[in-house]
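Asker: So here's my_file.tsv, just TSV, C-alpha atoms:
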```tsv
chain	number	residue	atom	x	y	z
A	325	MET	CA	47.56	-70.97	-92.50
A	326	SER	CA	44.38	-68.89	-92.78
A	327	SER	CA	43.46	-67.75	-96.29
A	328	GLN	CA	41.94	-64.53	-94.95
A	329	ARG	CA	43.79	-61.32	-95.67
A	330	GLU	CA	43.93	-58.05	-93.82
A	331	VAL	CA	42.53	-54.93	-95.53
A	332	ARG	CA	42.79	-51.37	-94.27
A	333	CYS	CA	39.78	-49.01	-94.66
A	334	ARG	CA	40.16	-45.34	-95.57
A	335	CYS	CA	39.23	-44.41	-91.99
A	336	GLY	CA	42.23	-46.40	-90.71
A	337	ARG	CA	40.39	-49.44	-89.38
A	338	TRP	CA	41.88	-52.88	-90.21
A	339	MET	CA	39.46	-55.59	-91.39
A	340	TRP	CA	39.76	-59.31	-92.20
A	341	ALA	CA	38.50	-60.13	-95.71
A	342	PRO	CA	37.08	-63.67	-96.06
A	343	PRO	CA	38.33	-65.86	-98.94
A	344	GLY	CA	36.76	-65.04	-102.29
A	345	ALA	CA	35.11	-61.81	-101.08
A	346	GLY	CA	34.65	-59.18	-103.78
A	347	ALA	CA	34.17	-56.30	-101.36
A	348	ILE	CA	34.13	-55.58	-97.65
A	349	GLN	CA	32.26	-52.85	-95.71
A	350	CYS	CA	33.78	-51.08	-92.74
A	351	SER	CA	31.68	-51.37	-89.59
A	352	THR	CA	32.90	-47.98	-88.37
A	353	CYS	CA	32.42	-45.61	-91.34
A	354	HIS	CA	30.49	-47.98	-93.69
A	355	THR	CA	32.90	-47.39	-96.58
A	356	VAL	CA	32.86	-50.27	-99.09
A	357	THR	CA	36.31	-51.40	-100.23
A	358	GLN	CA	36.38	-53.30	-103.51
A	359	LEU	CA	38.76	-56.31	-103.48
A	360	HIS	CA	38.51	-58.13	-106.78
A	361	SER	CA	38.87	-55.00	-108.89
A	362	LEU	CA	42.17	-54.07	-107.23
A	363	VAL	CA	43.58	-57.61	-107.47
A	364	ASP	CA	42.53	-57.92	-111.13
A	365	ALA	CA	44.10	-54.56	-111.96
A	366	LEU	CA	47.41	-55.55	-110.32
A	367	ARG	CA	47.43	-58.89	-112.14
A	368	GLY	CA	46.71	-57.11	-115.42
A	369	ALA	CA	49.57	-54.72	-114.75
A	370	HIS	CA	51.94	-57.62	-114.08
A	371	ARG	CA	50.84	-59.32	-117.30
A	372	MET	CA	51.43	-56.14	-119.31
A	373	ILE	CA	54.87	-55.61	-117.79
A	374	TYR	CA	55.76	-59.23	-118.48
A	375	GLY	CA	54.58	-58.90	-122.12
A	376	LEU	CA	56.63	-55.75	-122.66
A	377	GLN	CA	59.70	-57.40	-121.20
A	378	GLN	CA	59.22	-60.37	-123.55
A	379	LEU	CA	58.98	-58.05	-126.57
A	380	ARG	CA	62.15	-56.28	-125.48
A	381	ARG	CA	64.05	-59.57	-125.18
A	382	GLN	CA	62.86	-60.66	-128.64
A	383	TYR	CA	64.00	-57.36	-130.11
A	384	GLN	CA	67.43	-57.69	-128.50
A	385	GLN	CA	67.79	-61.28	-129.81
A	386	GLN	CA	66.89	-60.16	-133.35
A	387	GLN	CA	69.48	-57.41	-133.16
A	388	GLN	CA	72.19	-59.87	-132.13
A	389	GLN	CA	71.33	-62.32	-134.96
A	390	GLN	CA	71.46	-59.71	-137.78
A	391	PRO	CA	74.68	-59.32	-139.96
A	392	PRO	CA	77.01	-56.41	-139.05
A	393	GLN	CA	76.28	-54.56	-142.34
A	394	MET	CA	72.53	-54.57	-141.68
A	395	MET	CA	73.08	-53.48	-138.10
A	396	MET	CA	75.26	-50.57	-139.29
A	397	ALA	CA	72.58	-49.51	-141.78
A	398	GLN	CA	69.94	-49.57	-139.10
A	399	ARG	CA	72.09	-47.41	-136.80
A	400	SER	CA	71.95	-44.51	-139.29
A	401	PRO	CA	69.90	-42.55	-138.49
A	402	PRO	CA	70.17	-43.47	-134.81
A	403	GLN	CA	67.13	-45.15	-133.29
A	404	MET	CA	65.35	-43.69	-130.31
A	405	MET	CA	65.23	-46.04	-127.35
A	406	VAL	CA	61.83	-46.27	-125.64
A	407	GLN	CA	62.33	-46.30	-121.90
A	408	LEU	CA	59.63	-48.05	-119.92
A	409	PRO	CA	58.38	-46.48	-116.71
A	410	PRO	CA	59.13	-48.29	-113.47
A	411	PRO	CA	56.73	-51.17	-112.67
A	412	GLN	CA	55.49	-49.37	-109.54
A	413	MET	CA	54.41	-46.35	-111.62
A	414	MET	CA	52.65	-48.55	-114.17
A	415	MET	CA	50.74	-50.40	-111.46
A	416	ALA	CA	49.72	-47.10	-109.88
A	417	GLN	CA	48.43	-45.86	-113.24
A	418	LEU	CA	46.46	-49.07	-113.78
A	419	SER	CA	44.99	-49.17	-110.28
A	420	PRO	CA	41.26	-48.35	-110.14
A	421	PRO	CA	40.39	-44.78	-109.17
A	422	PRO	CA	39.15	-44.16	-105.64
A	423	PRO	CA	35.36	-44.33	-105.22
A	424	PRO	CA	33.45	-41.06	-105.56
A	425	ARG	CA	33.32	-39.06	-102.33
A	426	LEU	CA	29.51	-38.94	-102.52
A	427	LEU	CA	29.28	-42.57	-101.43
A	428	GLU	CA	32.07	-42.57	-98.87
A	429	ALA	CA	30.84	-43.30	-95.35
A	430	LEU	CA	27.24	-43.65	-96.58
A	431	PRO	CA	25.24	-46.88	-96.32
A	432	SER	CA	23.77	-48.58	-99.38
A	433	PRO	CA	21.07	-46.43	-101.01
A	434	PHE	CA	19.09	-49.39	-102.32
A	435	GLY	CA	17.14	-50.65	-99.30
A	436	LYS	CA	13.35	-50.78	-99.32
A	437	LYS	CA	13.30	-48.55	-96.25
A	438	ARG	CA	15.85	-45.80	-95.74
A	439	ALA	CA	16.00	-42.48	-93.97
A	440	VAL	CA	18.01	-39.28	-93.61
A	441	LEU	CA	17.84	-37.57	-90.21
A	442	CYS	CA	19.36	-34.10	-89.68
A	443	GLY	CA	19.73	-32.44	-86.28
A	444	VAL	CA	21.51	-29.08	-86.04
A	445	ASN	CA	22.16	-27.38	-82.67
A	446	TYR	CA	24.50	-24.62	-84.02
A	447	ARG	CA	26.80	-24.96	-81.02
A	448	GLY	CA	28.76	-21.87	-80.12
A	449	LYS	CA	26.43	-19.52	-82.02
A	450	SER	CA	24.22	-16.84	-80.54
A	451	TYR	CA	21.26	-18.58	-82.19
A	452	SER	CA	22.14	-22.06	-80.89
A	453	LEU	CA	19.38	-24.60	-80.19
A	454	LYS	CA	19.28	-27.27	-77.49
A	455	GLY	CA	17.24	-30.27	-78.59
A	456	CYS	CA	17.71	-30.78	-82.31
A	457	ILE	CA	20.34	-33.53	-82.10
A	458	SER	CA	18.17	-35.26	-79.50
A	459	ASP	CA	15.25	-35.00	-81.94
A	460	ALA	CA	17.25	-36.82	-84.63
A	461	LYS	CA	18.31	-39.54	-82.19
A	462	SER	CA	14.72	-39.98	-80.95
A	463	MET	CA	13.50	-40.28	-84.52
A	464	ARG	CA	16.13	-42.94	-85.27
A	465	CYS	CA	15.01	-45.03	-82.27
A	466	PHE	CA	11.38	-44.64	-83.34
A	467	LEU	CA	12.04	-45.72	-86.94
A	468	VAL	CA	14.09	-48.74	-85.90
A	469	GLN	CA	11.97	-49.95	-82.99
A	470	HIS	CA	8.47	-49.16	-84.27
A	471	MET	CA	8.61	-48.76	-88.05
A	472	GLY	CA	10.97	-51.57	-89.03
A	473	PHE	CA	13.73	-49.46	-90.55
A	474	PRO	CA	17.11	-51.25	-90.55
A	475	VAL	CA	19.57	-49.23	-88.50
A	476	GLU	CA	22.16	-49.51	-91.29
A	477	SER	CA	19.74	-47.83	-93.74
A	478	ILE	CA	19.48	-44.66	-91.64
A	479	LEU	CA	21.90	-41.81	-92.34
A	480	MET	CA	22.39	-39.41	-89.41
A	481	LEU	CA	23.74	-35.88	-89.89
A	482	THR	CA	24.49	-34.14	-86.58
A	483	GLU	CA	27.32	-32.25	-84.94
A	484	ASP	CA	27.98	-35.33	-82.77
A	485	GLU	CA	29.11	-37.45	-85.73
A	486	ALA	CA	32.82	-38.26	-85.94
A	487	CYS	CA	32.83	-38.67	-89.73
A	488	PRO	CA	33.24	-35.28	-91.51
A	489	GLN	CA	30.76	-36.33	-94.19
A	490	LYS	CA	28.04	-36.72	-91.55
A	491	ILE	CA	28.25	-33.16	-90.23
A	492	PRO	CA	25.11	-31.22	-91.34
A	493	THR	CA	26.84	-28.79	-93.68
A	494	LYS	CA	25.09	-27.59	-96.82
A	495	ARG	CA	27.20	-29.87	-99.02
A	496	ASN	CA	26.61	-32.95	-96.85
A	497	MET	CA	22.88	-32.30	-96.55
A	498	ARG	CA	22.58	-32.04	-100.33
A	499	LYS	CA	24.50	-35.30	-100.74
A	500	ALA	CA	22.34	-37.04	-98.15
A	501	MET	CA	19.13	-35.97	-99.88
A	502	ARG	CA	20.41	-37.25	-103.23
A	503	TRP	CA	21.45	-40.50	-101.56
A	504	LEU	CA	17.96	-40.92	-100.12
A	505	VAL	CA	16.16	-40.95	-103.49
A	506	GLU	CA	18.91	-42.53	-105.58
A	507	GLY	CA	17.57	-45.47	-107.59
A	508	ASN	CA	14.17	-45.32	-105.88
A	509	LYS	CA	11.58	-47.78	-107.13
A	510	ALA	CA	8.05	-49.02	-106.42
A	511	ARG	CA	7.32	-50.00	-102.79
A	512	ASP	CA	10.29	-48.01	-101.43
A	513	SER	CA	9.57	-46.11	-98.21
A	514	LEU	CA	11.82	-43.05	-97.84
A	515	PHE	CA	11.90	-40.77	-94.80
A	516	PHE	CA	13.47	-37.34	-94.31
A	517	HIS	CA	13.62	-35.60	-90.92
A	518	TYR	CA	15.08	-32.19	-90.15
A	519	SER	CA	15.27	-30.44	-86.79
A	520	GLY	CA	16.93	-27.05	-86.76
A	521	HIS	CA	16.40	-23.48	-87.87
A	522	GLY	CA	14.18	-22.55	-90.79
A	523	ALA	CA	13.85	-19.24	-92.59
A	524	GLN	CA	12.33	-17.34	-95.48
A	525	GLN	CA	13.96	-15.30	-98.21
A	526	LYS	CA	12.81	-13.40	-101.28
A	527	ASP	CA	11.51	-15.56	-104.14
A	528	TYR	CA	13.38	-14.72	-107.34
A	529	ASP	CA	11.75	-17.12	-109.84
A	530	GLY	CA	8.08	-16.20	-109.30
A	531	ASP	CA	6.81	-19.59	-108.11
A	532	GLU	CA	5.65	-18.54	-104.62
A	533	ILE	CA	2.21	-17.09	-103.91
A	534	ASP	CA	3.53	-15.12	-100.93
A	535	GLY	CA	6.70	-14.03	-102.74
A	536	GLN	CA	8.91	-15.87	-100.23
A	537	ASP	CA	11.02	-19.04	-100.54
A	538	GLU	CA	11.27	-21.25	-97.47
A	539	ALA	CA	14.68	-22.64	-96.50
A	540	LEU	CA	16.56	-24.99	-94.20
A	541	ILE	CA	19.58	-23.62	-92.36
A	542	PRO	CA	22.68	-25.87	-92.51
A	543	LEU	CA	25.50	-25.57	-90.00
A	544	ASP	CA	27.71	-23.53	-92.38
A	545	HIS	CA	24.97	-21.27	-93.77
A	546	GLU	CA	26.91	-18.12	-92.87
A	547	THR	CA	29.46	-18.92	-95.59
A	548	GLU	CA	27.64	-21.39	-97.86
A	549	GLY	CA	24.06	-20.13	-97.69
A	550	LYS	CA	20.67	-21.73	-97.07
A	551	ILE	CA	19.04	-24.68	-98.84
A	552	ILE	CA	15.87	-23.22	-100.37
A	553	ASP	CA	12.65	-25.06	-101.12
A	554	ASP	CA	13.16	-24.98	-104.89
A	555	GLU	CA	16.31	-27.08	-104.55
A	556	ILE	CA	14.79	-29.40	-101.94
A	557	ASN	CA	11.86	-30.08	-104.27
A	558	GLU	CA	14.17	-30.77	-107.20
A	559	ILE	CA	16.33	-33.20	-105.21
A	560	LEU	CA	13.80	-35.01	-103.00
A	561	VAL	CA	10.43	-34.78	-104.73
A	562	ARG	CA	10.71	-34.83	-108.51
A	563	PRO	CA	12.77	-38.08	-108.81
A	564	LEU	CA	10.11	-40.18	-106.98
A	565	VAL	CA	8.85	-42.88	-109.36
A	566	HIS	CA	5.47	-44.59	-109.38
A	567	GLY	CA	4.93	-46.68	-106.25
A	568	ALA	CA	7.69	-44.99	-104.20
A	569	LYS	CA	6.74	-42.87	-101.18
A	570	LEU	CA	8.56	-40.11	-99.34
A	571	HIS	CA	7.48	-38.86	-95.92
A	572	ALA	CA	9.16	-35.79	-94.43
A	573	VAL	CA	8.93	-34.37	-90.91
A	574	ILE	CA	10.30	-30.82	-90.69
A	575	ASP	CA	10.71	-29.43	-87.17
A	576	ALA	CA	11.64	-25.82	-87.94
A	577	CYS	CA	10.22	-22.33	-88.19
A	578	ASN	CA	8.75	-21.16	-91.52
A	579	SER	CA	8.59	-24.79	-92.66
A	580	GLY	CA	5.04	-25.09	-94.02
A	581	THR	CA	5.88	-25.53	-97.69
A	582	VAL	CA	9.62	-26.13	-97.43
A	583	LEU	CA	9.35	-29.13	-99.79
A	584	ASP	CA	7.45	-26.93	-102.27
A	585	LEU	CA	4.70	-29.55	-102.63
A	586	PRO	CA	1.75	-28.24	-104.66
A	587	PHE	CA	-1.10	-28.99	-102.22
A	588	VAL	CA	-1.57	-27.75	-98.63
A	589	CYS	CA	-4.13	-29.31	-96.30
A	590	ARG	CA	-5.92	-26.52	-94.40
A	591	MET	CA	-7.59	-28.11	-91.37
A	592	GLU	CA	-10.01	-26.42	-88.99
A	593	ARG	CA	-10.23	-27.11	-85.25
A	594	ASN	CA	-13.45	-29.09	-85.83
A	595	GLY	CA	-11.61	-31.52	-88.11
A	596	SER	CA	-12.90	-30.27	-91.45
A	597	TYR	CA	-10.31	-29.56	-94.10
A	598	ASP	CA	-9.74	-28.32	-97.62
A	599	TRP	CA	-6.85	-28.63	-100.06
A	600	GLU	CA	-5.22	-25.40	-101.18
A	601	TYR	CA	-3.26	-25.38	-104.43
A	602	GLN	CA	0.12	-23.64	-104.15
A	603	GLY	CA	1.15	-23.77	-107.79
A	604	LEU	CA	2.26	-20.56	-109.44
A	605	GLY	CA	4.02	-20.21	-112.73
A	606	ARG	CA	4.97	-23.00	-115.10
A	607	ILE	CA	7.48	-24.87	-112.91
A	608	TYR	CA	6.35	-28.43	-112.12
A	609	LYS	CA	6.59	-29.23	-108.39
A	610	GLY	CA	5.20	-32.77	-108.35
A	611	THR	CA	6.82	-36.20	-108.53
A	612	ASP	CA	7.64	-38.62	-111.34
A	613	GLY	CA	4.61	-40.71	-110.38
A	614	GLY	CA	5.41	-41.36	-106.70
A	615	GLY	CA	3.90	-39.91	-103.54
A	616	ALA	CA	5.38	-37.17	-101.35
A	617	PHE	CA	3.97	-36.10	-97.97
A	618	CYS	CA	5.36	-33.55	-95.53
A	619	PHE	CA	4.42	-32.87	-91.90
A	620	SER	CA	5.72	-29.41	-91.02
A	621	ALA	CA	5.88	-27.80	-87.58
A	622	CYS	CA	4.05	-24.64	-88.66
A	623	ASP	CA	2.93	-22.50	-91.56
A	624	ASP	CA	5.35	-20.53	-93.71
A	625	ASP	CA	4.98	-17.34	-91.71
A	626	GLU	CA	5.01	-18.94	-88.25
A	627	ALA	CA	7.56	-20.00	-85.63
A	628	SER	CA	7.66	-23.64	-84.58
A	629	GLY	CA	6.68	-24.67	-81.08
A	630	TYR	CA	8.62	-26.58	-78.47
A	631	THR	CA	8.12	-29.02	-75.60
A	632	PRO	CA	10.23	-29.65	-72.50
A	633	ASN	CA	12.15	-32.55	-74.08
A	634	ALA	CA	12.06	-32.09	-77.84
A	635	GLY	CA	10.91	-30.00	-80.76
A	636	ALA	CA	7.11	-29.92	-80.81
A	637	MET	CA	6.84	-31.44	-84.26
A	638	THR	CA	9.20	-34.35	-83.58
A	639	TYR	CA	7.54	-35.06	-80.23
A	640	SER	CA	3.98	-34.87	-81.55
A	641	PHE	CA	4.67	-36.99	-84.65
A	642	ILE	CA	6.30	-39.83	-82.71
A	643	ASN	CA	3.67	-39.70	-79.97
A	644	ALA	CA	0.77	-39.65	-82.46
A	645	VAL	CA	1.98	-42.65	-84.46
A	646	LYS	CA	2.63	-44.63	-81.27
A	647	THR	CA	-0.81	-43.94	-79.78
A	648	ALA	CA	-2.91	-44.01	-82.96
A	649	GLY	CA	-3.03	-47.79	-83.14
A	650	PRO	CA	-2.56	-49.91	-86.28
A	651	ALA	CA	-3.05	-48.32	-89.70
A	652	PRO	CA	-4.09	-44.78	-88.70
A	653	THR	CA	-5.26	-42.31	-91.34
A	654	TYR	CA	-3.50	-39.05	-92.11
A	655	GLY	CA	-6.44	-37.19	-90.62
A	656	GLN	CA	-6.18	-39.10	-87.34
A	657	LEU	CA	-2.47	-38.35	-87.11
A	658	LEU	CA	-2.99	-34.62	-87.74
A	659	ASN	CA	-5.64	-34.39	-85.03
A	660	LEU	CA	-3.51	-36.35	-82.57
A	661	MET	CA	-0.46	-34.18	-83.31
A	662	CYS	CA	-2.43	-30.99	-82.71
A	663	SER	CA	-3.79	-32.33	-79.41
A	664	SER	CA	-0.34	-33.53	-78.33
A	665	ILE	CA	1.27	-30.14	-79.01
A	666	LEU	CA	-1.49	-28.19	-77.26
A	667	GLU	CA	-1.32	-30.48	-74.22
A	668	ALA	CA	2.48	-30.23	-73.91
A	669	GLN	CA	2.64	-26.49	-74.48
A	670	SER	CA	-0.22	-25.72	-72.11
A	671	ARG	CA	2.18	-26.52	-69.26
A	672	LEU	CA	4.78	-24.00	-70.50
A	673	THR	CA	5.05	-20.24	-69.95
A	674	TYR	CA	5.37	-18.28	-73.18
A	675	THR	CA	7.57	-15.23	-73.33
A	676	ASP	CA	7.05	-14.10	-76.92
A	677	SER	CA	3.53	-15.18	-77.76
A	678	ASP	CA	0.52	-16.86	-76.24
A	679	GLU	CA	-0.28	-18.60	-79.49
A	680	SER	CA	1.09	-22.01	-80.39
A	681	SER	CA	1.72	-23.28	-83.89
A	682	GLU	CA	-0.02	-26.31	-85.34
A	683	PRO	CA	1.38	-28.92	-87.72
A	684	LEU	CA	0.72	-28.59	-91.43
A	685	LEU	CA	0.37	-31.36	-94.02
A	686	THR	CA	1.43	-30.81	-97.63
A	687	SER	CA	1.31	-33.37	-100.44
A	688	SER	CA	2.15	-33.98	-104.07
A	689	GLU	CA	-1.52	-34.91	-104.70
A	690	LYS	CA	-4.91	-34.24	-103.11
A	691	PHE	CA	-6.46	-37.18	-101.23
A	692	ASN	CA	-9.04	-38.03	-98.58
A	693	ILE	CA	-7.08	-37.69	-95.33
A	694	TYR	CA	-9.71	-39.63	-93.34
A	695	ALA	CA	-9.75	-42.58	-95.75
A	696	THR	CA	-6.08	-42.87	-96.68
A	697	LYS	CA	-3.95	-44.98	-94.34
A	698	PHE	CA	-0.59	-43.73	-93.15
A	699	ALA	CA	2.25	-46.26	-93.43
A	700	LEU	CA	6.04	-46.08	-93.46
```
Could you render the structure as structure tokens?

Answerer:
Amino acid sequence: MSSQREVRCRCGRWMWAPPGAGAIQCSTCHTVTQLHSLVDALRGAHRMIYGLQQLRRQYQQQQQQQPPQMMMAQRSPPQMMVQLPPPQMMMAQLSPPPPPRLLEALPSPFGKKRAVLCGVNYRGKSYSLKGCISDAKSMRCFLVQHMGFPVESILMLTEDEACPQKIPTKRNMRKAMRWLVEGNKARDSLFFHYSGHGAQQKDYDGDEIDGQDEALIPLDHETEGKIIDDEINEILVRPLVHGAKLHAVIDACNSGTVLDLPFVCRMERNGSYDWEYQGLGRIYKGTDGGGAFCFSACDDDEASGYTPNAGAMTYSFINAVKTAGPAPTYGQLLNLMCSSILEAQSRLTYTDSDESSEPLLTSSEKFNIYATKFAL
């Protein structure tokens, strides 16, 4: 007879657990089910019940062996009988608590390369978009096929996902961002991609030069609100330790400084550039020693561009990295992205404006963009 045993995941899928396995991960929703902890808890419960039953038998035997006079004396005042709960209730109380919902359906957060990709089309809304989910899927293929990211280390949040925790709501996007940087360490390569609506709102804490906070727009923003740059910086940027790197690609309007990084690279058409410091007030916006870099679709006060098949930023980033050759610099990528966007949009007819947006690079530190190599 096989020593394997059948285990049911929270999503309903049945799995075969090999002998001696301490845990098993569902191939459908990626939930990890602990095995040893549950077995040990049940065995401990059985041992406790058995010990209590033994003590009860010993007590009954002592009562039967005592003289009648002593037994009568002990009956006044009457003793209170302690009634044990049913064994099923005791085992339920001793069973380990369910895992926290933050980690349900999410892959392990401790890989050297991991990514969070968000694509929001806002289906059924008057402001719906067409290509954002396709952008996220294109980025996943690019990371896996060209950048060496394991497919199991990539967390997708789109409206196409069957798992409720992978729908791009405000709560799920916050969880995904925390998952991305959890336990980060030196040599980790983290990647965050967002394709959807962006917006601005009034800055209430005085840390913005233009008086406006930038924000991402989750699927349920009408009831739950936006995710503003202050919170994104606190979750994604500040926990980065020395040696860890985060790259973000934000394909949205008003996305220039949506990670609230302190330095903006202002590049001219001739390739010259200068770093502009965005700090204002006493709130620290840098990392814990790591590096953070963000490629945004446009400046804070601009609308993002588009191409026939994808968001302009997503398209230009993937195309630039593919065509740049081995070990391109950040400066080379920026120039290639600008050229790629201009070429694609030159074939389109504009209805609102004849001007196209250009990608913007922001960083946690100033550096030489033509000497520093880009690597994921």

Asker: Do you have the CA of Gln489 in chain A-CA of Met339 in chain A distance handy?

Answerer: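 So the two atoms, CA of Gln489 in chain A and CA of Met339 in chain A, lie 21.3 Å apart.
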
Asker: Rank nothing, just name the residue among A:Gly615, A:Gly610, A:Pro563, A:Gly635 nearest to Val505 in chain A, using all atoms listed in the file.

Answerer: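 Of A:Gly615, A:Gly610, A:Pro563, A:Gly635, the one nearest Val505 in chain A, counting all atoms listed in the file, is A:Pro563.
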
Asker: Excluding same-chain residues fewer than 3 positions from Ile541 in chain A, what lies within 6 Å of it counting all atoms listed in the file, as number ranges by chain?

Answerer: A: 521-522, 550

Asker: Need the neighbours of (12.4, -19.4, -101.5): which residues are at most 12 Å away, counting only C-alpha atoms, as a PyMOL selection string?

Answerer: chain A and resi 522-540+550-557+578-584+624

Asker: Taking (22.7, -43.5, -92.8) as a centre in this file's frame and 8 Å as the limit, can you find every polymer residue with an atom that close, using only C-alpha atoms, and give them as number ranges by chain?

Answerer: A: 430-431, 438-440, 475-480

Asker: For the selection just defined, write its residues with C-alpha atoms to a file, as a tab-separated table (two decimals), keeping the file's coordinate frame.

Answerer:
```
chain	number	residue	atom	x	y	z
A	430	LEU	CA	27.24	-43.65	-96.58
A	431	PRO	CA	25.24	-46.88	-96.32
A	438	ARG	CA	15.85	-45.80	-95.74
A	439	ALA	CA	16.00	-42.48	-93.97
A	440	VAL	CA	18.01	-39.28	-93.61
A	475	VAL	CA	19.57	-49.23	-88.50
A	476	GLU	CA	22.16	-49.51	-91.29
A	477	SER	CA	19.74	-47.83	-93.74
A	478	ILE	CA	19.48	-44.66	-91.64
A	479	LEU	CA	21.90	-41.81	-92.34
A	480	MET	CA	22.39	-39.41	-89.41
```

Asker: For CA of Pro342 in chain A and CA of Lys436 in chain A, quote the distance in Å rounded to one decimal.

Answerer: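 Separation of CA of Pro342 in chain A and CA of Lys436 in chain A: 27.2 Å.
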
Asker: Measuring between only C-alpha atoms, which one of A:His545, A:Lys509, A:Lys461, A:Arg381 shows the shortest distance to Tyr446 in chain A?

Answerer: A:His545

Asker: Go through A:Ser688, A:Ser519, A:Asn445, A:Gln386 and flag the residue nearest Leu560 in chain A, using only C-alpha atoms for the distances.

Answerer: A:Ser688

Asker: Out of A:Ser452, A:Asn508, A:Asn643, A:Thr357, which residue has the shortest atom-to-atom distance to Asp612 in chain A when counting all atoms listed in the file?

Answerer: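 The closest residue to Asp612 in chain A is A:Asn508.
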
Asker: When you count only C-alpha atoms, which of these residues is closest to Ser462 in chain A: A:Ala636, A:Cys577, A:Ile642, A:Met497?

Answerer: A:Ile642

Asker: Figure out the distance between CA of Glu485 in chain A and CA of Trp338 in chain A, please, to one decimal in Å.

Answerer: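 A separation of 20.5 Å between them.
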
Asker: Let me make sure I understand: among A:Pro474, A:Gly655, A:Gly455, A:Gly448, which one has the smallest atom-to-atom distance to Leu684 in chain A if we use only C-alpha atoms?

Answerer: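 Of all the options, A:Gly655 lies closest to Leu684 in chain A.
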
Asker: Write out as a PyMOL selection string each polymer residue whose atoms come within 12 Å of Asn496 in chain A, counting all atoms listed in the file; drop sequence neighbours fewer than 3 positions from it.

Answerer: chain A and resi 425-430+440-442+479-483+487-493+499-503+542-544+548+551

Asker: Would you mind listing what lies within 10 Å of Ala572 in chain A as a list of chain:residue names, with all atoms listed in the file counted and same-chain residues fewer than 5 positions away left out?

Answerer: A:Ala439, A:Val440, A:Leu441, A:Leu514, A:Phe515, A:Phe516, A:His517, A:Tyr518, A:Leu560, A:Leu583, A:Ala616, A:Phe617, A:Cys618, A:Phe619, A:Ser620, A:Leu685, A:Thr686

Asker: Counting only C-alpha atoms, what is within 6 Å of His566 in chain A, bar same-chain residues fewer than 2 positions away, as a list in words?

Answerer: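 So, after excluding close chain neighbours, the residues are Ala510, Ala568, Gly613 and Gly614 of chain A.
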